[in-house]
Protein chains: 2
Amino acid sequence: MSDIARLVLKLSARDAINAEEEQALSEAAGGTSTYEPGEEIVREGVPQTLSRLLVEGIVARMKLMADGRRQITELHIPGDFVDLHSFLLKRLDHDVVAVTRVRLLNFPHEGLRRITESRPHLTRLLWLNTVLDGAGHREWIVSAGRRTAIEHLANLFCELLVRYRVVEMSDGRSCPLPLTQQQLADACGLTPVHVNRVVQDLRADGLIEWRGGELVVADFDRLAALGQFDPAFLNLVREPR
Amino acid sequence: MSDIARLVLKLSARDAINAEEEQALSEAAGGTSTYEPGEEIVREGVPQTLSRLLVEGIVARMKLMADGRRQITELHIPGDFVDLHSFLLKRLDHDVVAVTRVRLLNFPHEGLRRITESRPHLTRLLWLNTVLDGAGHREWIVSAGRRTAIEHLANLFCELLVRYRVVEMSDGRSCPLPLTQQQLADACGLTPVHVNRVVQDLRADGLIEWRGGELVVADFDRLAALGQFDPAFLNLVREPR
DNA sequence: CGCTCTATTGAGACTTGTCAATTATGGTGG
DNA sequence: CCACCATAATTGACAAGTCTCAATAGAGCG
């Protein structure tokens, strides 16, 4: 499976991408890098000259506060650019850290710039990619602002399951979830203690199973109802962009 | 003052934009529309064929939940596109509503598409605009997830003050804030009752004054410290994009 | 000069956080 | 293969921040 295969799946779920564009993407890519769990991939505020596509593993975007509080603002799975926005921002407003062992494919900004100079449609697809991040962020704002802890977790699990499905890493019933409860807490703005209790409730209600880094959604409909999960924000509509 | 003047100020704070590009933007614009307070400008899920630039007033992006809970995911001030992302998404994942009486300048997607076909740099500036929204969203996720109510409000007030300053609608000490406490509550994921108490605390501490839709930040440094406000996420660095 | 919307206040409930201890789990060296 | 270690998960008791419900006061507007 090529390094950009899951990105192509992700894009194909929203618009047609032709072989020539796929080729242009491949040509814009540089080498790959590997990071160990917990390693920092990008530090907030440091000028960047390339963006990274996640090929394998899980990556978190994390904001750190001076007193040690931390908030994960997005979780990335294979096929996601973890910092395509650095192409425009130059410096990130957050850290990017490896959750598991990960492999990343580098896209020098120079090559991305060339795409914007010569390939309007591919440019729009990349732009779309960053705009999808924004839609994801909005859903997380709602979860953090207006959902209870159990609704928040339920919503997040649904989101991950569907996103894994798009890149063909889930059959729609189970997906990887190799996170600690601490990391889940940082993603949801909760304490690990409370996450633990809520996860146990979800298990007791027969909604999920979760062991050995694998999440099994036993009853998607009920989990989605609990978390008010609506996949609309993922924009899974194939149409010209 | 031209309808795109504040957008140009906003972009100019991040990169040089030349007269020709400014002209191209003007030409991409269609007519203006006006909405009354509370009016819905864009409904979630409805296909869009144009994007809107806010010229006057305040607009909220709002997510509604089935049971009536609501969360504002972004507050827009003049110079902001309220739904530039609809150019790529086609349908929005949220409503766009007028908070005050507002005037909007329409940008048909057709014209934006023409820009992407012929003006790579201007395209990147528009892309940057949506990416800045994303950075704002991330800050809001942190506020909702990890900040206390008083920190959250303090942070939001600092953000608005600085953003108004960029578009030259603030002297750095005061800015418009014609919101109800209910709307502020919806932006912060709190109840209006609690917002009321926190606002009173901020007043009692001599950090802000707020009457008649005008916010006066009496002690910005202390307010910023309380809210851990760091303008870095606004990316106010003028450099080639 | 009412009327309606918004702001304010109080009392009590509830979700989530804090602190601290205990148990489980997975990897490692002997 | 087993004991050991560090990390992660789990549990309990209690505190705290925010919410809920309800009432009152204030402000803008026709």
# chains A, B, ... in the order shown; residues from 1 in each chain; ligands from 1
>>> interface_residues(of="chain D", to="chain A", cutoff="10 Å", atoms="only C-alpha atoms (C1' of nucleotides)", output="list in words")
DA8, DA9, DT10 and DT11 of chain D
>>> write_last_selection(atoms="C-alpha atoms (C1' of nucleotides)", output="compact mmCIF listing (two decimals), in the first residue's frame")
# COMPACT_ATOMS: atom_id res chain seq x y z
C1' DA D 8 -1.88 2.38 33.53
C1' DA D 9 -6.33 1.38 35.40
C1' DT D 10 -9.42 1.32 39.17
C1' DT D 11 -11.66 2.61 43.53
>>> select_by_dssp(residues="region 114-189 of chain B", states="alpha helix (DSSP H)", output="PyMOL selection string")
chain B and resi 114-118+120-146+149-166+181-188
>>> interface_residues(of="chain A", to="chain B", cutoff="8 Å", atoms="only C-alpha atoms", output="PyMOL selection string")
chain A and resi 63+65+69-71+73+85+87-89+92-93+116-117+120+124+127-128+130-131+133-135+137-138+140-142+144-146+188-190+228+232-233+235+241
>>> residues_around(residues="region 19-28 of chain D", least_positions_apart="6", cutoff="9 Å", atoms="only C-alpha atoms (C1' of nucleotides)", output="PDB file with C-alpha atoms (C1' of nucleotides), in the first residue's frame")
ATOM      1  CA  LEU B 190     -21.714  28.047  30.207  1.00  0.00           C
ATOM      2  CA  THR B 191     -25.109  29.039  31.549  1.00  0.00           C
ATOM      3  CA  VAL B 193     -26.483  32.686  35.182  1.00  0.00           C
ATOM      4  CA  HIS B 194     -22.889  31.685  35.612  1.00  0.00           C
TER       5      HIS B 194
ATOM      6  C1'  DC C   5     -36.147  41.113  27.084  1.00  0.00           C
ATOM      7  C1'  DT C   6     -32.008  41.081  29.806  1.00  0.00           C
ATOM      8  C1'  DA C   7     -29.509  41.159  34.016  1.00  0.00           C
ATOM      9  C1'  DT C   8     -29.152  39.914  38.767  1.00  0.00           C
ATOM     10  C1'  DT C   9     -29.646  37.250  43.041  1.00  0.00           C
ATOM     11  C1'  DG C  10     -30.423  33.148  46.118  1.00  0.00           C
ATOM     12  C1'  DG C  12     -29.784  23.887  46.613  1.00  0.00           C
ATOM     13  C1'  DA C  13     -28.451  19.895  43.419  1.00  0.00           C
ATOM     14  C1'  DC C  14     -25.271  17.541  40.584  1.00  0.00           C
ATOM     15  C1'  DT C  15     -21.407  16.595  37.576  1.00  0.00           C
TER      16       DT C  15
END
>>> select_by_dssp(residues="region 34-142 of chain A", states="strand (DSSP E)", output="VMD selection string")
chain A and resid 34 to 35 40 to 42 50 to 56 59 to 64 70 to 76 95 to 98 102 to 108
>>> residues_around(residues="DG29 (chain C)", least_positions_apart="2", cutoff="12 Å", atoms="only C-alpha atoms (C1' of nucleotides)", output="list in words")
DG27 of chain C; DC1, DC2, DA3, DC4 and DC5 of chain D
>>> residues_around(residues="region 150-155 of chain A", least_positions_apart="6", cutoff="6 Å", atoms="only C-alpha atoms (C1' of nucleotides)", output="PyMOL selection string")
chain A and resi 143+198+223+226-227+229
>>> write_last_selection(atoms="C-alpha atoms", output="PDB file, in the first residue's frame")
ATOM      1  CA  SER A 143     -18.394  18.386  22.752  1.00  0.00           C
ATOM      2  CA  VAL A 198     -17.320   7.009  32.157  1.00  0.00           C
ATOM      3  CA  LEU A 223     -23.661   5.005  20.969  1.00  0.00           C
ATOM      4  CA  LEU A 226     -25.999   8.951  23.215  1.00  0.00           C
ATOM      5  CA  GLY A 227     -23.250  11.121  21.733  1.00  0.00           C
ATOM      6  CA  PHE A 229     -23.147  11.841  16.648  1.00  0.00           C
TER       7      PHE A 229
END
>>> residues_around(residues="Leu160 (chain B)", least_positions_apart="4", cutoff="10 Å", atoms="only C-alpha atoms (C1' of nucleotides)", output="short mmCIF file (atom, residue, chain, number, x, y, z; two decimals) with N, CA and C atoms, in the first residue's frame")
data_model
loop_
_atom_site.label_atom_id
_atom_site.label_comp_id
_atom_site.auth_asym_id
_atom_site.auth_seq_id
_atom_site.Cartn_x
_atom_site.Cartn_y
_atom_site.Cartn_z
N LEU B 75 -17.11 33.79 16.73
CA LEU B 75 -17.75 35.10 16.64
C LEU B 75 -17.01 35.90 15.59
N HIS B 76 -17.76 36.49 14.66
CA HIS B 76 -17.11 37.22 13.58
C HIS B 76 -17.30 38.72 13.70
N ILE B 77 -16.24 39.42 13.34
CA ILE B 77 -16.25 40.88 13.35
C ILE B 77 -15.95 41.36 11.93
N ASN B 155 -10.10 35.24 28.46
CA ASN B 155 -9.42 34.93 27.21
C ASN B 155 -10.21 35.43 26.01
N LEU B 156 -11.50 35.19 26.03
CA LEU B 156 -12.34 35.62 24.91
C LEU B 156 -12.31 37.14 24.75
N TYR B 164 -10.29 43.18 17.02
CA TYR B 164 -10.84 44.48 16.63
C TYR B 164 -9.73 45.48 16.34
N ARG B 165 -8.64 45.35 17.06
CA ARG B 165 -7.53 46.27 16.86
C ARG B 165 -6.93 46.08 15.47
N VAL B 166 -6.82 44.83 15.03
CA VAL B 166 -6.24 44.55 13.72
C VAL B 166 -7.04 45.23 12.61
N SER B 170 -10.56 49.30 17.21
CA SER B 170 -10.27 49.42 18.64
C SER B 170 -8.96 50.16 18.80
N SER B 174 -10.56 49.50 24.29
CA SER B 174 -11.98 49.18 24.28
C SER B 174 -12.41 48.70 22.90
N CYS B 175 -13.50 47.98 22.86
CA CYS B 175 -14.03 47.50 21.57
C CYS B 175 -15.51 47.20 21.73
N PRO B 176 -16.22 47.05 20.61
CA PRO B 176 -17.64 46.71 20.69
C PRO B 176 -17.84 45.34 21.34
N LEU B 177 -18.88 45.20 22.12
CA LEU B 177 -19.27 43.89 22.65
C LEU B 177 -20.77 43.88 22.86
N LEU B 215 -17.10 47.16 25.42
CA LEU B 215 -16.22 46.57 26.42
C LEU B 215 -15.01 47.47 26.62
#
>>> closest_atom_pairs(of="chain C", to="chain A", cutoff="12 Å", atoms="only C-alpha atoms (C1' of nucleotides)", output="CSV")
residue,atom,partner,partner_atom,distance
C:DT15,C1',A:Thr148,CA,8.4
C:DT16,C1',A:His194,CA,7.1
C:DG17,C1',A:Thr191,CA,7.2
C:DT18,C1',A:Thr191,CA,9.8
C:DC19,C1',A:Val193,CA,11.2
C:DT25,C1',A:Gly212,CA,10.2
C:DG26,C1',A:Gly212,CA,10.6
>>> residues_around(residues="DC3 (chain C)", least_positions_apart="2", cutoff="10 Å", atoms="only C-alpha atoms (C1' of nucleotides)", output="number ranges by chain")
C: 1, 5; D: 29-30
>>> atom_distance(atom1="CA of Ala218 (chain A)", atom2="CA of Asp205 (chain A)")
9.9 Å
